[in-house]
file final30.txt (compact mmCIF, C-alpha atoms)
# COMPACT_ATOMS: atom_id res chain seq x y z
CA MET A 1 69.11 71.89 83.64
CA GLN A 2 71.25 69.03 82.43
CA GLN A 3 73.88 69.68 79.81
CA HIS A 4 73.01 68.85 76.23
CA ARG A 5 75.48 66.16 75.19
CA ILE A 6 77.02 66.59 71.74
CA ILE A 7 79.38 63.90 70.47
CA VAL A 8 81.44 64.43 67.34
CA LEU A 9 82.94 61.32 65.75
CA GLY A 10 86.20 61.93 63.89
CA ALA A 11 88.68 64.80 64.17
CA GLY A 12 89.53 65.31 60.54
CA TYR A 13 88.92 68.69 58.93
CA THR A 14 85.13 68.49 59.18
CA GLY A 15 84.76 66.93 62.63
CA ALA A 16 87.29 69.20 64.31
CA ILE A 17 85.77 72.29 62.69
CA ALA A 18 82.23 71.31 63.68
CA ALA A 19 83.24 70.65 67.30
CA GLY A 20 85.13 73.92 67.63
CA ARG A 21 82.41 75.98 65.97
CA LEU A 22 79.74 74.49 68.24
CA ALA A 23 81.87 75.32 71.26
CA ARG A 24 82.00 78.93 70.13
CA ARG A 25 78.28 79.10 69.45
CA LEU A 26 76.96 77.60 72.70
CA HIS A 27 77.56 78.22 76.40
CA ARG A 28 79.87 75.71 78.09
CA ASP A 29 77.68 75.31 81.15
CA GLU A 30 74.78 74.17 78.96
CA VAL A 31 76.49 71.81 76.53
CA ALA A 32 79.12 69.08 76.82
CA ILE A 33 81.00 68.60 73.55
CA THR A 34 83.12 65.48 73.16
CA LEU A 35 85.32 64.90 70.11
CA VAL A 36 86.23 61.23 69.60
CA ASN A 37 89.30 60.40 67.53
CA ALA A 38 91.64 57.44 67.30
CA GLU A 39 94.82 59.52 66.92
CA PRO A 40 96.18 62.31 69.16
CA ASP A 41 97.31 64.42 66.22
CA PHE A 42 95.39 66.24 63.53
CA VAL A 43 96.21 64.71 60.14
CA GLU A 44 96.60 67.05 57.16
CA ARG A 45 95.10 64.62 54.72
CA VAL A 46 95.62 66.97 51.78
CA ARG A 47 99.38 66.60 52.31
CA MET A 48 99.66 62.81 52.37
CA HIS A 49 101.37 62.77 48.97
CA GLN A 50 104.08 64.99 50.44
CA LEU A 51 104.53 62.66 53.40
CA ALA A 52 104.76 59.65 51.10
CA ALA A 53 107.38 61.41 48.98
CA GLY A 54 109.66 61.76 52.02
CA GLN A 55 108.82 65.23 53.27
CA ASP A 56 108.30 65.82 56.99
CA LEU A 57 105.07 67.40 58.19
CA ARG A 58 104.70 69.50 61.30
CA PRO A 59 103.05 67.61 64.19
CA ARG A 60 99.71 69.12 65.15
CA PRO A 61 98.48 67.77 68.51
CA LEU A 62 94.71 68.02 68.74
CA ARG A 63 94.79 68.98 72.42
CA GLU A 64 96.83 72.07 71.54
CA MET A 65 94.57 72.97 68.62
CA LEU A 66 91.46 72.64 70.81
CA ALA A 67 92.94 74.34 73.88
CA GLY A 68 90.57 76.87 75.40
CA THR A 69 87.54 75.78 73.39
CA GLY A 70 85.96 73.60 76.07
CA VAL A 71 85.84 70.64 73.67
CA VAL A 72 86.81 67.38 75.41
CA LEU A 73 89.06 65.18 73.25
CA LYS A 74 88.56 61.44 73.80
CA LEU A 75 91.21 59.23 72.21
CA ALA A 76 89.39 56.07 71.22
CA THR A 77 88.25 54.06 68.23
CA VAL A 78 84.53 54.10 67.41
CA THR A 79 83.31 50.51 67.09
CA GLY A 80 79.55 51.01 67.07
CA VAL A 81 76.75 53.55 66.89
CA ASP A 82 73.27 52.81 68.25
CA VAL A 83 71.12 55.54 66.73
CA GLU A 84 67.98 54.18 68.36
CA GLY A 85 69.45 54.10 71.87
CA ARG A 86 71.56 57.22 71.15
CA THR A 87 74.86 55.75 72.29
CA VAL A 88 78.31 55.37 70.77
CA THR A 89 80.58 52.43 71.58
CA VAL A 90 84.31 53.21 71.75
CA GLU A 91 87.47 51.28 72.59
CA PRO A 92 90.48 53.21 73.91
CA ASP A 93 92.83 50.37 72.90
CA GLY A 94 92.52 51.13 69.21
CA GLY A 95 89.48 49.01 68.54
CA THR A 96 91.33 45.70 68.76
CA GLY A 97 89.06 44.29 71.45
CA ALA A 98 92.13 43.27 73.46
CA ASP A 99 90.59 44.63 76.64
CA PRO A 100 86.77 44.20 76.63
CA ALA A 101 86.58 45.91 80.01
CA ALA A 102 87.85 49.12 78.42
CA THR A 103 84.86 49.38 76.07
CA GLU A 104 82.70 52.40 76.83
CA GLN A 105 79.17 53.48 75.95
CA LEU A 106 78.90 57.21 75.39
CA PRO A 107 75.32 58.59 75.44
CA TYR A 108 74.47 61.58 73.27
CA ASP A 109 71.65 63.98 72.62
CA THR A 110 73.07 65.21 69.31
CA LEU A 111 75.56 63.26 67.22
CA VAL A 112 77.84 64.68 64.54
CA TYR A 113 79.13 61.84 62.37
CA ALA A 114 82.41 62.78 60.67
CA LEU A 115 84.29 59.50 60.29
CA GLY A 116 85.15 60.26 56.69
CA SER A 117 86.54 57.83 54.16
CA GLY A 118 89.48 55.63 53.30
CA TRP A 119 90.88 54.23 50.10
CA ASP A 120 88.78 52.13 47.76
CA ASP A 121 90.43 49.26 45.89
CA GLY A 122 87.32 48.93 43.72
CA GLY A 123 87.41 45.16 44.09
CA VAL A 124 90.26 44.94 41.59
CA PRO A 125 92.12 41.65 42.12
CA GLY A 126 95.48 42.12 43.80
CA ALA A 127 94.98 45.79 44.66
CA ALA A 128 94.46 45.21 48.38
CA GLU A 129 97.43 42.84 48.56
CA HIS A 130 99.98 44.64 46.41
CA ALA A 131 99.05 48.32 46.07
CA HIS A 132 99.83 51.21 48.41
CA GLN A 133 97.38 53.94 49.41
CA ILE A 134 97.82 57.51 50.60
CA ALA A 135 94.31 58.14 51.94
CA SER A 136 95.64 57.84 55.51
CA ARG A 137 98.81 58.67 57.40
CA PRO A 138 99.69 55.00 58.07
CA GLY A 139 99.29 54.29 54.36
CA ALA A 140 101.44 57.26 53.35
CA LEU A 141 104.13 56.24 55.85
CA ARG A 142 104.20 52.67 54.53
CA LEU A 143 104.68 53.97 51.00
CA ARG A 144 107.38 56.35 52.21
CA GLU A 145 109.21 53.47 53.86
CA ARG A 146 108.91 51.30 50.76
CA LEU A 147 110.31 54.03 48.51
CA ALA A 148 113.22 54.59 50.89
CA GLY A 149 114.39 50.98 50.54
CA PRO A 150 117.65 49.96 48.86
CA ASP A 151 115.83 48.88 45.67
CA ALA A 152 113.78 52.06 45.46
CA ALA A 153 114.96 53.20 42.01
CA GLN A 154 112.38 51.12 40.17
CA PRO A 155 109.17 51.79 38.25
CA VAL A 156 106.35 53.34 40.26
CA VAL A 157 102.83 53.26 38.82
CA VAL A 158 100.15 55.60 40.15
CA VAL A 159 96.70 54.28 39.26
CA GLY A 160 94.04 56.99 39.05
CA GLY A 161 94.00 60.22 37.07
CA GLY A 162 92.00 62.33 39.51
CA LEU A 163 93.27 65.03 41.85
CA THR A 164 94.92 62.59 44.27
CA GLY A 165 96.63 60.66 41.49
CA LEU A 166 97.95 63.81 39.84
CA GLU A 167 99.33 65.15 43.10
CA ALA A 168 100.93 61.83 44.01
CA ALA A 169 102.56 61.27 40.61
CA THR A 170 103.98 64.79 40.27
CA GLU A 171 105.17 64.94 43.89
CA LEU A 172 107.00 61.62 43.58
CA ALA A 173 108.51 62.50 40.21
CA GLU A 174 109.76 65.88 41.42
CA THR A 175 111.07 64.69 44.78
CA ARG A 176 112.55 61.46 43.46
CA PRO A 177 113.88 61.93 39.91
CA ASP A 178 115.52 58.50 40.21
CA LEU A 179 112.10 56.86 40.07
CA ALA A 180 110.44 55.94 36.78
CA VAL A 181 106.95 57.28 37.53
CA ALA A 182 103.95 56.35 35.39
CA LEU A 183 100.33 57.47 35.69
CA VAL A 184 97.39 55.35 34.58
CA ALA A 185 94.19 57.30 33.82
CA ARG A 186 90.83 55.80 32.91
CA GLY A 187 90.10 58.77 30.65
CA ALA A 188 92.21 61.45 29.00
CA LEU A 189 94.73 63.28 31.16
CA GLY A 190 92.87 66.03 33.05
CA ASP A 191 89.78 65.60 30.89
CA TRP A 192 87.62 67.53 33.38
CA LEU A 193 89.84 70.64 33.18
CA SER A 194 89.62 73.65 30.91
CA GLU A 195 91.80 73.75 27.80
CA LYS A 196 94.30 75.99 29.59
CA GLY A 197 94.36 73.64 32.56
CA ARG A 198 94.94 70.58 30.37
CA ARG A 199 97.78 72.27 28.49
CA HIS A 200 99.56 73.23 31.69
CA LEU A 201 99.07 69.83 33.23
CA ARG A 202 100.53 68.14 30.15
CA LYS A 203 103.50 70.52 30.19
CA VAL A 204 104.30 69.76 33.84
CA VAL A 205 103.83 66.01 33.51
CA ASP A 206 106.03 65.86 30.43
CA GLY A 207 108.66 68.04 32.09
CA LEU A 208 108.84 65.66 35.06
CA GLY A 209 109.27 62.68 32.76
CA ILE A 210 106.06 60.96 33.85
CA THR A 211 104.78 58.30 31.45
CA VAL A 212 101.01 58.63 31.04
CA HIS A 213 98.76 55.73 30.04
CA GLU A 214 95.47 57.34 29.03
CA GLN A 215 92.13 55.63 28.37
CA THR A 216 93.46 52.69 30.38
CA VAL A 217 91.77 50.55 33.01
CA VAL A 218 93.77 48.41 35.44
CA THR A 219 92.11 45.01 35.89
CA ARG A 220 94.69 43.30 38.08
CA VAL A 221 97.62 44.24 40.32
CA GLU A 222 100.55 41.92 40.86
CA ALA A 223 103.70 42.30 42.92
CA ASP A 224 105.77 43.54 39.98
CA ARG A 225 103.21 44.81 37.44
CA VAL A 226 99.72 46.02 36.72
CA ILE A 227 97.62 44.39 34.02
CA THR A 228 95.31 46.51 31.91
CA GLY A 229 91.95 45.84 30.33
CA ASP A 230 93.51 45.45 26.90
CA GLY A 231 95.91 42.79 28.16
CA ARG A 232 99.06 44.91 28.53
CA ASP A 233 101.52 44.51 31.38
CA ILE A 234 102.94 47.71 32.86
CA PRO A 235 106.03 47.03 35.02
CA SER A 236 105.53 48.28 38.58
CA ALA A 237 107.78 47.65 41.55
CA VAL A 238 105.53 49.96 43.59
CA THR A 239 101.86 50.54 42.74
CA VAL A 240 99.99 53.50 44.28
CA TRP A 241 96.19 53.18 44.17
CA THR A 242 94.27 56.47 44.01
CA THR A 243 91.10 55.62 42.09
CA GLY A 244 88.65 56.83 44.72
CA PHE A 245 87.46 56.74 48.31
CA ALA A 246 85.14 54.49 50.28
CA VAL A 247 83.32 55.68 53.40
CA HIS A 248 83.82 54.10 56.80
CA PRO A 249 81.75 50.88 56.92
CA LEU A 250 80.32 51.68 60.35
CA ALA A 251 77.34 53.63 58.99
CA ARG A 252 75.95 50.61 57.17
CA ALA A 253 75.77 48.72 60.46
CA THR A 254 73.43 51.33 61.92
CA ALA A 255 69.75 52.09 61.31
CA LEU A 256 70.69 55.31 59.51
CA GLU A 257 69.44 55.63 55.95
CA THR A 258 72.42 55.07 53.68
CA THR A 259 73.08 54.65 49.98
CA ALA A 260 74.36 51.46 48.35
CA THR A 261 77.89 52.79 48.86
CA GLY A 262 77.35 53.42 52.57
CA ARG A 263 77.06 57.21 52.53
CA ILE A 264 74.50 58.63 54.96
CA VAL A 265 71.62 60.50 53.32
CA VAL A 266 71.16 64.02 54.72
CA ASP A 267 68.96 67.02 54.00
CA ASP A 268 70.19 70.52 53.19
CA SER A 269 70.96 71.16 56.86
CA MET A 270 73.29 68.12 56.94
CA ARG A 271 70.77 66.31 59.14
CA SER A 272 70.10 62.60 58.68
CA VAL A 273 66.82 62.10 56.87
CA SER A 274 66.04 59.09 59.06
CA HIS A 275 67.32 60.17 62.49
CA PRO A 276 66.98 63.90 63.20
CA ASP A 277 69.39 63.93 66.15
CA VAL A 278 72.24 62.86 63.84
CA TYR A 279 74.15 65.26 61.59
CA VAL A 280 76.71 64.10 59.06
CA VAL A 281 79.60 66.11 57.62
CA GLY A 282 82.47 65.26 55.32
CA ASP A 283 82.88 62.32 52.99
CA ALA A 284 80.34 60.17 54.85
CA ALA A 285 77.45 62.49 53.93
CA LEU A 286 75.42 62.26 50.76
CA ALA A 287 74.20 65.82 50.38
CA THR A 288 72.78 67.61 47.38
CA GLY A 289 74.69 70.66 46.20
CA PRO A 290 74.23 73.26 43.47
CA GLY A 291 72.57 71.98 40.32
CA GLY A 292 71.08 69.04 42.21
CA LYS A 293 74.43 67.22 42.12
CA PRO A 294 75.77 65.25 45.10
CA LEU A 295 78.61 67.07 46.82
CA ARG A 296 81.91 65.40 46.02
CA MET A 297 84.21 63.98 48.67
CA SER A 298 86.61 66.86 49.33
CA CYS A 299 87.62 69.58 51.75
CA ALA A 300 85.92 72.01 49.38
CA SER A 301 82.60 70.37 50.27
CA GLY A 302 83.30 69.19 53.81
CA THR A 303 84.53 72.40 55.39
CA PRO A 304 81.52 74.60 54.53
CA ALA A 305 79.25 71.66 55.36
CA ALA A 306 80.80 71.50 58.84
CA TRP A 307 80.27 75.24 59.35
CA HIS A 308 76.69 74.90 58.19
CA ALA A 309 75.86 71.87 60.34
CA ALA A 310 77.29 73.50 63.46
CA ASP A 311 75.32 76.68 62.86
CA VAL A 312 72.12 74.69 62.25
CA ILE A 313 72.57 72.67 65.44
CA ALA A 314 73.22 75.83 67.45
CA ALA A 315 70.17 77.54 65.92
CA ARG A 316 67.87 74.62 66.67
CA LEU A 317 69.06 74.38 70.26
CA THR A 318 68.83 78.10 70.93
CA GLY A 319 65.61 78.79 69.07
CA GLY A 320 67.24 80.94 66.41
CA GLY A 321 66.42 81.08 62.73
CA LEU A 322 67.93 78.33 60.62
CA PRO A 323 70.72 79.54 58.32
CA ALA A 324 70.43 78.85 54.61
CA SER A 325 72.98 76.57 53.03
CA LYS A 326 75.61 78.44 51.01
CA ILE A 327 77.71 75.43 50.00
CA ARG A 328 79.08 75.85 46.49
CA TYR A 329 82.34 75.39 44.59
CA TYR A 330 84.81 78.05 43.48
CA ASN A 331 87.91 76.21 42.29
CA GLN A 332 89.85 72.96 42.26
CA CYS A 333 93.35 73.31 43.69
CA VAL A 334 96.01 70.87 42.48
CA SER A 335 99.62 70.82 43.61
CA LEU A 336 101.97 69.54 40.90
CA GLY A 337 105.06 69.25 43.06
CA ARG A 338 106.43 72.02 45.27
CA SER A 339 107.08 74.54 42.50
CA GLU A 340 104.11 74.01 40.18
CA GLY A 341 100.38 74.08 40.64
CA LEU A 342 97.05 74.41 38.92
CA ILE A 343 94.02 76.30 40.19
CA GLN A 344 91.05 75.46 37.98
CA PHE A 345 88.18 77.86 38.54
CA VAL A 346 84.75 76.26 38.36
CA THR A 347 81.04 77.03 38.39
CA ALA A 348 78.99 76.68 41.56
CA ASP A 349 78.22 73.07 40.60
CA ASP A 350 81.91 72.24 39.97
CA ARG A 351 82.20 72.51 36.16
CA ALA A 352 85.44 73.94 34.79
CA VAL A 353 85.41 77.42 33.26
CA ASP A 354 88.06 78.92 30.98
CA ALA A 355 89.91 80.69 33.80
CA ALA A 356 92.82 78.87 35.45
CA LEU A 357 95.86 79.90 37.47
CA THR A 358 99.10 78.04 36.76
CA GLY A 359 102.79 77.88 37.67
CA ARG A 360 104.48 79.08 40.82
CA LEU A 361 101.66 81.45 41.68
CA ALA A 362 99.25 78.51 41.63
CA ALA A 363 101.61 76.49 43.84
CA PHE A 364 101.69 79.40 46.30
CA TYR A 365 97.88 79.64 46.19
CA LYS A 366 97.52 75.92 46.92
CA GLU A 367 99.95 76.19 49.83
CA LEU A 368 97.87 79.01 51.28
CA VAL A 369 94.75 76.85 50.92
CA CYS A 370 96.43 73.98 52.81
CA LYS A 371 97.63 76.27 55.59
CA GLY A 372 94.25 77.97 55.70
CA ALA A 373 92.51 74.63 56.17
CA VAL A 374 94.59 73.93 59.28
CA TRP A 375 94.05 77.46 60.56
CA GLY A 376 90.32 76.91 60.08
CA VAL A 377 90.38 73.91 62.41
CA ALA A 378 91.85 76.02 65.20
CA ASN A 379 89.66 79.02 64.27
CA PRO A 380 86.30 77.52 63.26
CA THR A 381 84.47 80.84 63.33
CA LEU A 382 86.88 82.29 60.76
CA GLY A 383 88.39 84.66 63.29
CA LEU A 384 85.09 86.34 64.11
CA PRO A 385 84.23 86.98 67.77
CA ALA A 386 82.49 84.08 69.49
CA ARG A 387 78.73 84.60 69.76
CA ARG A 388 77.65 82.08 72.37
CA ARG A 389 73.91 81.70 72.82
CA ARG A 390 71.84 80.14 75.56
CA ILE A 391 69.86 76.98 74.89
CA ALA A 392 66.19 77.85 74.65
CA ASP A 393 64.01 76.80 77.59
CA ALA A 394 61.67 75.04 75.19
CA ALA A 395 64.45 73.12 73.45
CA PRO A 396 64.17 69.37 74.07
CA ARG A 397 67.11 67.61 75.69
CA THR A 398 67.06 65.20 72.78
CA ASP A 399 66.31 66.30 69.25
CA ARG A 400 63.47 63.89 68.64
CA THR A 401 60.18 63.13 70.28
CA ALA A 402 59.24 59.81 71.84
CA THR A 403 57.85 58.64 68.50
CA GLY A 404 61.11 59.32 66.69
CA THR A 405 59.89 62.28 64.67
CA PRO A 406 61.67 65.63 64.60
CA ALA A 407 60.93 67.81 67.59

call {"tool": "encode", "arguments": {"input": "final30.txt", "output": "structure tokens"}}
result
Amino acid sequence: MQQHRIIVLGAGYTGAIAAGRLARRLHRDEVAITLVNAEPDFVERVRMHQLAAGQDLRPRPLREMLAGTGVVLKLATVTGVDVEGRTVTVEPDGGTGADPAATEQLPYDTLVYALGSGWDDGGVPGAAEHAHQIASRPGALRLRERLAGPDAAQPVVVVGGGLTGLEAATELAETRPDLAVALVARGALGDWLSEKGRRHLRKVVDGLGITVHEQTVVTRVEADRVITGDGRDIPSAVTVWTTGFAVHPLARATALETTATGRIVVDDSMRSVSHPDVYVVGDAALATGPGGKPLRMSCASGTPAAWHAADVIAARLTGGGLPASKIRYYNQCVSLGRSEGLIQFVTADDRAVDAALTGRLAAFYKELVCKGAVWGVANPTLGLPARRRRIADAAPRTDRTATGTPA
């Protein structure tokens, strides 16, 4: 019997968790699991605001985190996915095309697509040219370097009043009190939070001396300012853009069914609705959650989706019963610097309730969540004993029939 080839694209939180969980669910002699990633280290994306503010993060080599799992790490950039021919094209040179001979075609039987997302400039003029982003480690490092320059003590404007914007603005203001930090929010400050959450957020922001521009839309970014929809100029030596995320453009170039924004449409098992041998986890997936709402781009959605997808794949290959999806929300965790935090408890479909945890206890809680997320990558079965199962004799080597319908 030939090994069933599983390729996982992307070693962020969701991809690394899915690969490790599959390795602990299936026998090594029956499956070959390859995790493709462009970088050798695991990136704690939820800490990029800390990195940008000048704090050092502990290196986390993926080979060490995956040691003993049987997962093969392939350092390469994914440049193409042929979902009809079931192959992935990768370039070990970083995807520059400098050495065409180094391009490889990796065949798969089951694909887990976890390439995630990057920053989204929203098409705002000047944003791509003049603004910084912290959706990636290179972006956070560039911002860190810019803020460390000799003319650093100048106005910094964070555009975006969501979780990323709040964490960036408060982290910068706390770490660098010499900076004049401003936050531009399209709506009211923390308008999705409970009353208690909004009060605490306002208290922290005011205490850090952050200037807040509420109900404000940025329509243009220039080298030394941002221009708002009502014609105002806000001085900005450094602009940080945190208005949202855009998924990796690769999916649109495939035959996978995607939305207008490029997210891959999946069912409640995280399986592509158009190609049943492809599973999608993380920001790239458009999945329906509680209340019929699309799951938001976050670790809170991606991590349980990765667990679920891995368990579904293992069940289908071994002939076991399919697990029911239990993806739901419990809270939104916001760091407001190193000594302050906000834990907003929410309903299953992500609506704020009255309960919220604030202050140092909330900061400690958020730190535990960040550490737990990393621990979960190295322990994808949540510390439970591995329960490896044999692939069923009747299981097809590929997960579709010759006509392209689910097997």

call {"tool": "atom_distance", "arguments": {"input": "final30.txt", "atom1": "CA of Gly289 (chain A)", "atom2": "CA of His275 (chain A)"}}
result
20.7 Å

call {"tool": "closest_atom_pairs", "arguments": {"input": "final30.txt", "of": "region 206-279 of chain A", "to": "region 74-87 of chain A", "cutoff": "8 Å", "atoms": "only C-alpha atoms", "output": "JSON lines"}}
result
{"residue": "A:Leu250", "atom": "CA", "partner": "A:Gly80", "partner_atom": "CA", "distance": 6.8}
{"residue": "A:Ala251", "atom": "CA", "partner": "A:Val81", "partner_atom": "CA", "distance": 7.9}
{"residue": "A:Ala253", "atom": "CA", "partner": "A:Gly80", "partner_atom": "CA", "distance": 8.0}
{"residue": "A:Thr254", "atom": "CA", "partner": "A:Val81", "partner_atom": "CA", "distance": 6.4}
{"residue": "A:Ala255", "atom": "CA", "partner": "A:Val83", "partner_atom": "CA", "distance": 6.6}
{"residue": "A:Leu256", "atom": "CA", "partner": "A:Val83", "partner_atom": "CA", "distance": 7.2}
{"residue": "A:His275", "atom": "CA", "partner": "A:Val83", "partner_atom": "CA", "distance": 7.3}
{"residue": "A:Val278", "atom": "CA", "partner": "A:Val83", "partner_atom": "CA", "distance": 7.9}

call {"tool": "residues_around", "arguments": {"input": "final30.txt", "residues": "region 240-248 of chain A", "least_positions_apart": "5", "cutoff": "6 Å", "atoms": "all atoms listed in the file", "output": "VMD selection string"}}
result
chain A and resid 116 to 120 131 to 133 158 to 160 165 284

call {"tool": "closest_residue", "arguments": {"input": "final30.txt", "among": "A:Gly70, A:Pro276, A:Gly190, A:Gly123", "to": "Glu257 (chain A)", "atoms": "all atoms listed in the file"}}
result
A:Pro276

call {"tool": "closest_residue", "arguments": {"input": "final30.txt", "among": "A:Val72, A:Leu189, A:Ile6, A:Ala378", "to": "Val31 (chain A)", "atoms": "all atoms listed in the file"}}
result
A:Ile6

call {"tool": "closest_atom_pairs", "arguments": {"input": "final30.txt", "of": "region 45-112 of chain A", "to": "region 300-317 of chain A", "cutoff": "12 Å", "atoms": "all atoms listed in the file", "output": "tab-separated table"}}
result
residue	atom	partner	partner_atom	distance
A:Val46	CA	A:Ala300	CA	11.2
A:Asp109	CA	A:Leu317	CA	11.0
A:Thr110	CA	A:Ile313	CA	8.4
A:Leu111	CA	A:Ile313	CA	10.0
A:Val112	CA	A:Ala309	CA	8.6

call {"tool": "closest_residue", "arguments": {"input": "final30.txt", "among": "A:Val273, A:Ala285, A:Ala392, A:Ile343", "to": "Val369 (chain A)", "atoms": "all atoms listed in the file"}}
result
A:Ile343

call {"tool": "residues_near_point", "arguments": {"input": "final30.txt", "point": "(99.3, 71.1, 49.6)", "cutoff": "8 Å", "atoms": "all atoms listed in the file", "output": "MDAnalysis selection string"}}
result
chainID A and resid 46:47 50 334:335 366:367 369:370

call {"tool": "closest_residue", "arguments": {"input": "final30.txt", "among": "A:Met270, A:Leu336, A:Leu26, A:Ala355", "to": "Ala324 (chain A)", "atoms": "all atoms listed in the file"}}
result
A:Met270

call {"tool": "residues_around", "arguments": {"input": "final30.txt", "residues": "Leu115 (chain A)", "least_positions_apart": "3", "cutoff": "8 Å", "atoms": "only C-alpha atoms", "output": "ChimeraX atom specification"}}
result
/A:9-12,15,247-248,282-284

call {"tool": "write_last_selection", "arguments": {"input": "final30.txt", "atoms": "C-alpha atoms", "output": "mmCIF file, in the frame of the given file"}}
result
data_model
loop_
_atom_site.group_PDB
_atom_site.id
_atom_site.type_symbol
_atom_site.label_atom_id
_atom_site.label_comp_id
_atom_site.auth_asym_id
_atom_site.auth_seq_id
_atom_site.Cartn_x
_atom_site.Cartn_y
_atom_site.Cartn_z
ATOM 1 C CA LEU A 9 82.940 61.320 65.750
ATOM 2 C CA GLY A 10 86.200 61.930 63.890
ATOM 3 C CA ALA A 11 88.680 64.800 64.170
ATOM 4 C CA GLY A 12 89.530 65.310 60.540
ATOM 5 C CA GLY A 15 84.760 66.930 62.630
ATOM 6 C CA VAL A 247 83.320 55.680 53.400
ATOM 7 C CA HIS A 248 83.820 54.100 56.800
ATOM 8 C CA GLY A 282 82.470 65.260 55.320
ATOM 9 C CA ASP A 283 82.880 62.320 52.990
ATOM 10 C CA ALA A 284 80.340 60.170 54.850
#

call {"tool": "build_atoms", "arguments": {"input": "final30.txt", "residues": "region 336-352 of chain A", "atoms": "N, CA and C atoms", "output": "PDB file, in the frame of the given file"}}
result
ATOM      1  N   LEU A 336     101.241  70.350  41.891  1.00  0.00           N
ATOM      2  CA  LEU A 336     101.970  69.540  40.900  1.00  0.00           C
ATOM      3  C   LEU A 336     103.445  69.555  41.271  1.00  0.00           C
ATOM      4  N   GLY A 337     103.734  69.105  42.488  1.00  0.00           N
ATOM      5  CA  GLY A 337     105.060  69.250  43.060  1.00  0.00           C
ATOM      6  C   GLY A 337     105.099  70.512  43.903  1.00  0.00           C
ATOM      7  N   ARG A 338     106.302  70.859  44.391  1.00  0.00           N
ATOM      8  CA  ARG A 338     106.430  72.020  45.270  1.00  0.00           C
ATOM      9  C   ARG A 338     106.508  73.333  44.495  1.00  0.00           C
ATOM     10  N   SER A 339     106.873  73.290  43.234  1.00  0.00           N
ATOM     11  CA  SER A 339     107.080  74.540  42.500  1.00  0.00           C
ATOM     12  C   SER A 339     106.060  74.787  41.410  1.00  0.00           C
ATOM     13  N   GLU A 340     105.131  73.867  41.219  1.00  0.00           N
ATOM     14  CA  GLU A 340     104.110  74.010  40.180  1.00  0.00           C
ATOM     15  C   GLU A 340     102.736  73.715  40.762  1.00  0.00           C
ATOM     16  N   GLY A 341     101.735  74.329  40.180  1.00  0.00           N
ATOM     17  CA  GLY A 341     100.380  74.080  40.640  1.00  0.00           C
ATOM     18  C   GLY A 341      99.373  74.434  39.561  1.00  0.00           C
ATOM     19  N   LEU A 342      98.136  74.113  39.845  1.00  0.00           N
ATOM     20  CA  LEU A 342      97.050  74.410  38.920  1.00  0.00           C
ATOM     21  C   LEU A 342      95.801  74.725  39.734  1.00  0.00           C
ATOM     22  N   ILE A 343      95.270  75.913  39.556  1.00  0.00           N
ATOM     23  CA  ILE A 343      94.020  76.300  40.190  1.00  0.00           C
ATOM     24  C   ILE A 343      92.989  76.432  39.078  1.00  0.00           C
ATOM     25  N   GLN A 344      92.102  75.454  39.002  1.00  0.00           N
ATOM     26  CA  GLN A 344      91.050  75.460  37.980  1.00  0.00           C
ATOM     27  C   GLN A 344      89.803  76.089  38.570  1.00  0.00           C
ATOM     28  N   PHE A 345      89.404  77.222  38.059  1.00  0.00           N
ATOM     29  CA  PHE A 345      88.180  77.860  38.540  1.00  0.00           C
ATOM     30  C   PHE A 345      86.972  77.155  37.938  1.00  0.00           C
ATOM     31  N   VAL A 346      85.914  77.052  38.745  1.00  0.00           N
ATOM     32  CA  VAL A 346      84.750  76.260  38.360  1.00  0.00           C
ATOM     33  C   VAL A 346      83.464  77.015  38.651  1.00  0.00           C
ATOM     34  N   THR A 347      82.367  76.506  38.101  1.00  0.00           N
ATOM     35  CA  THR A 347      81.040  77.030  38.390  1.00  0.00           C
ATOM     36  C   THR A 347      80.610  76.570  39.777  1.00  0.00           C
ATOM     37  N   ALA A 348      79.487  77.070  40.239  1.00  0.00           N
ATOM     38  CA  ALA A 348      78.990  76.680  41.560  1.00  0.00           C
ATOM     39  C   ALA A 348      78.778  75.182  41.680  1.00  0.00           C
ATOM     40  N   ASP A 349      78.435  74.519  40.565  1.00  0.00           N
ATOM     41  CA  ASP A 349      78.220  73.070  40.600  1.00  0.00           C
ATOM     42  C   ASP A 349      79.439  72.300  40.103  1.00  0.00           C
ATOM     43  N   ASP A 350      80.625  72.927  40.133  1.00  0.00           N
ATOM     44  CA  ASP A 350      81.910  72.240  39.970  1.00  0.00           C
ATOM     45  C   ASP A 350      82.273  71.930  38.519  1.00  0.00           C
ATOM     46  N   ARG A 351      81.796  72.701  37.560  1.00  0.00           N
ATOM     47  CA  ARG A 351      82.200  72.510  36.160  1.00  0.00           C
ATOM     48  C   ARG A 351      83.274  73.536  35.808  1.00  0.00           C
ATOM     49  N   ALA A 352      84.305  73.076  35.119  1.00  0.00           N
ATOM     50  CA  ALA A 352      85.440  73.940  34.790  1.00  0.00           C
ATOM     51  C   ALA A 352      85.015  75.088  33.869  1.00  0.00           C
TER      52      ALA A 352
END
